[in-house]
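> Here it is: the structure, laid out below.
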Amino acid sequence: MALKLEYSLITFSLFLISLDAYEAFFIPITWIGHLFLFIISLKYLANVKVNKNYLTFFLVLLLPGLVLTIININKDNLTYTILRVFNIISYFLVYFYFKNFKVRDLDLLFNKYIKILINIVSLFAVYIFFAQIFDLPEIYRNRPGTSFFNNTEQATFWLSQPHRAMGTFREPSFLVAFLLPLLYLYQ
C-alpha cells in the first residue's frame, strides 16, 4: 500500500511539473511539483549509494552554471538564485533516487501510473493545439514568460508560427523535453 501511495505521489508530482504555463499565488506550479519529488526522494537519502564516477560527472557538468549563479547574487534575485541552487541539488537527489530503483518497482511505476500521465498530458496538448487553431476555450496561461510584447502574459499566437503544439507548457520544446524521456522509458 505504501508503495502505491509513493507511486501516486511521484505521478502527481510529475503532473504538477507538466503544468509549466501556470502558477498559483505567484509560485509556478512546476516548482511545487519539483518540491514534492524532492521530498519523496529525501526519504531515501540515507540509503542512496552514489557511484563516485556519476557524482564527479554531474558536478563537472553543473558546477560552472552553479558558480555563475552564485557569483551573480544580489538582493533583487536572491530568491531565484536560491531556487536555482535548490533545483540543481534536487536534480541530483531525484536522479540517484530513481537510479537506485529496483527494475521491478520501476516497471510497476511506469506501467500503471506513468502511462496514465503520458495520456493525460498528450490529450491536453492535442486539445490546446486545436483550441489555438479553432479559437476554442483554453485555461488562461498565467505564468509570465513567452510574450514578446510584455512580460506579464504568455503569448499563444506568433506572427511567424501561429499554431504551436505547446500543451500545458510555455514552449513546444518544454513539452517534448517532458514527454520524450517518459515515452522512451515507457516503451
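Following the order of the C-alpha cells, first chain is A, next is B, and so on, with residues numbered from 1 inside each chain and ligands from 1 in the order they appear.
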I want to know what sits within 7 Å of range 134-141 of chain A, based on only C-alpha atoms, with residues of the same chain fewer than 2 positions away left out; could you give that as a PyMOL selection string?
chain A and resi 21-22+128+130-132+143+154
> Neighbouring residues of range 78-90 of chain A were defined as those with any atom within 10 Å, considering only C-alpha atoms; residues of the same chain fewer than 6 positions away were excluded. Please report them as a VMD selection string.
chain A and resid 31 34 to 35 37 to 39 41 to 42 58 to 59 62 to 63 65 to 67 69 to 72 96
> Which distance in Å separates CA of Ile116 in chain A and CA of Thr11 in chain A, to one decimal?
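These atoms are spaced 8.9 Å apart.
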> Out of A:Ser18, A:Thr168, A:Thr30, A:Asn100, which residue has the shortest atom-to-atom distance to Leu182 in chain A when counting only C-alpha atoms?
A:Ser18
> Measuring atom to atom with only C-alpha atoms, identify which of A:Phe26, A:Phe57, A:Tyr184, A:Phe92 is nearest to Lys115 in chain A.
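Among the listed residues, the smallest separation from Lys115 in chain A belongs to A:Tyr184.
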> Using only C-alpha atoms, which residues sit within 10 Å of Leu175 in chain A once same-chain residues fewer than 3 positions away are excluded, as a VMD selection string?
chain A and resid 18 to 20 121 to 122 125 165 to 172 178 to 180
> What would the file look like if the residues just selected were written as a compact mmCIF listing (two decimals), in the first residue's frame with C-alpha atoms?

```
# COMPACT_ATOMS: atom_id res chain seq x y z
CA SER A 18 3.72 19.32 -16.59
CA LEU A 19 1.68 22.44 -15.73
CA ASP A 20 4.55 24.71 -16.73
CA VAL A 121 -0.54 15.32 -20.88
CA SER A 122 -0.84 14.24 -24.53
CA ALA A 125 -1.53 19.02 -25.76
CA ALA A 165 1.99 22.31 -30.03
CA MET A 166 2.72 23.67 -26.56
CA GLY A 167 0.32 21.73 -24.41
CA THR A 168 0.44 22.97 -20.83
CA PHE A 169 3.98 24.27 -21.29
CA ARG A 170 5.35 27.70 -22.16
CA GLU A 171 7.27 26.42 -25.19
CA PRO A 172 6.88 23.43 -27.53
CA PHE A 178 8.90 16.39 -20.69
CA LEU A 179 7.29 13.67 -22.81
CA LEU A 180 10.25 12.23 -24.71
```
> Under the rule that only C-alpha atoms are counted, which of A:Val126, A:Phe15, A:Leu109, A:Val94 is the nearest residue to Lys43 in chain A?
A:Val94
> With distances taken over only C-alpha atoms, which residue among A:Ile29, A:Tyr7, A:Glu23, A:Leu108 lies nearest Pro144 in chain A?
A:Glu23
> Suppose you want the space between CA of Tyr95 in chain A and CA of Ile32 in chain A; what is it in Å?
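So the two atoms, CA of Tyr95 in chain A and CA of Ile32 in chain A, lie 17.6 Å apart.
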